[in-house]
2 protein chains.
Amino acid sequence: MAEDNTIYVGKKPVMSYVLAVVTQFNQGIPEVHLKARGRSISTAVDTTQIVKNRFIQTLQLKDIKLSTEELKSDDGTMTRVSSMSIVMTK
Amino acid sequence: MAEDNTIYVGKKPVMSYVLAVVTQFNQGIPEVHLKARGRSISTAVDTTQIVKNRFIQTLQLKDIKLSTEELKSDDGTMTRVSSMSIVMTK
């Protein structure tokens, strides 16, 4: 998987991720990946729905994977966080 | 799809949904469905990961669907909300 077609969803407003996805498809990239962790998972799902309902009606969610990532906190302990990865094609 | 094997994820602590899923599987139900809307989508994903990592290592996420639901607000206007539906087997 190439890294340059991957959009990491975080705490920005959802429309900035929608714009990023639509821009990548408009540049001719056939497959765009969305990744999110923890609370941002809901934002990633919102992103797919807004892209599909308002911009690219033919959007397909080709693959959706859920997993657990281990992150090191500031105090050195490990925390587990859920993550989601979505592959979109149009 | 039978409705009695569907768990609706909302604003309770995540462990109450984990317990509900594990209980259903222990009762011999072969397929448990999780549904969530909006911000609760992250909690649904957390539920699947905790069930898999701590209770049922063989858990399979057989199907994950994302969609948009229209809800009527208190003032009568329609709002769109993202929703997620997950089918789990063990």
# chains A, B, ... in the order shown; residues from 1 in each chain; ligands from 1

call {"tool": "interface_residues", "arguments": {"of": "chain B", "to": "chain A", "cutoff": "7 Å", "atoms": "only C-alpha atoms", "output": "PyMOL selection string"}}
result
chain B and resi 38-39+41-42+45-46+49+64+67-68+82

call {"tool": "residues_around", "arguments": {"residues": "stretch 21-25 of chain B", "least_positions_apart": "5", "cutoff": "12 Å", "atoms": "only C-alpha atoms", "output": "JSON, numbers by chain"}}
result
{"B": [4, 5, 6, 7, 8, 9, 14, 15, 16, 30, 31, 32, 33, 34, 35, 44, 47, 48, 49, 50, 51, 52, 54, 55, 56, 57, 58, 59, 86, 87, 88, 89, 90]}

call {"tool": "atom_distance", "arguments": {"atom1": "atom CA of A:Ile29", "atom2": "atom CA of A:Gly10"}}
result
21.8 Å

call {"tool": "select_by_dssp", "arguments": {"residues": "chain A", "states": "strand (DSSP E or B)", "output": "ChimeraX atom specification"}}
result
/A:6-9,31-37,60-72,78-89

call {"tool": "select_by_dssp", "arguments": {"residues": "stretch 15-79 of chain B", "states": "helix (DSSP H, G or I)", "output": "MDAnalysis selection string"}}
result
chainID B and resid 15:26 40:55

call {"tool": "atom_distance", "arguments": {"atom1": "atom CA of B:Ser85", "atom2": "atom CA of B:Lys12"}}
result
17.8 Å
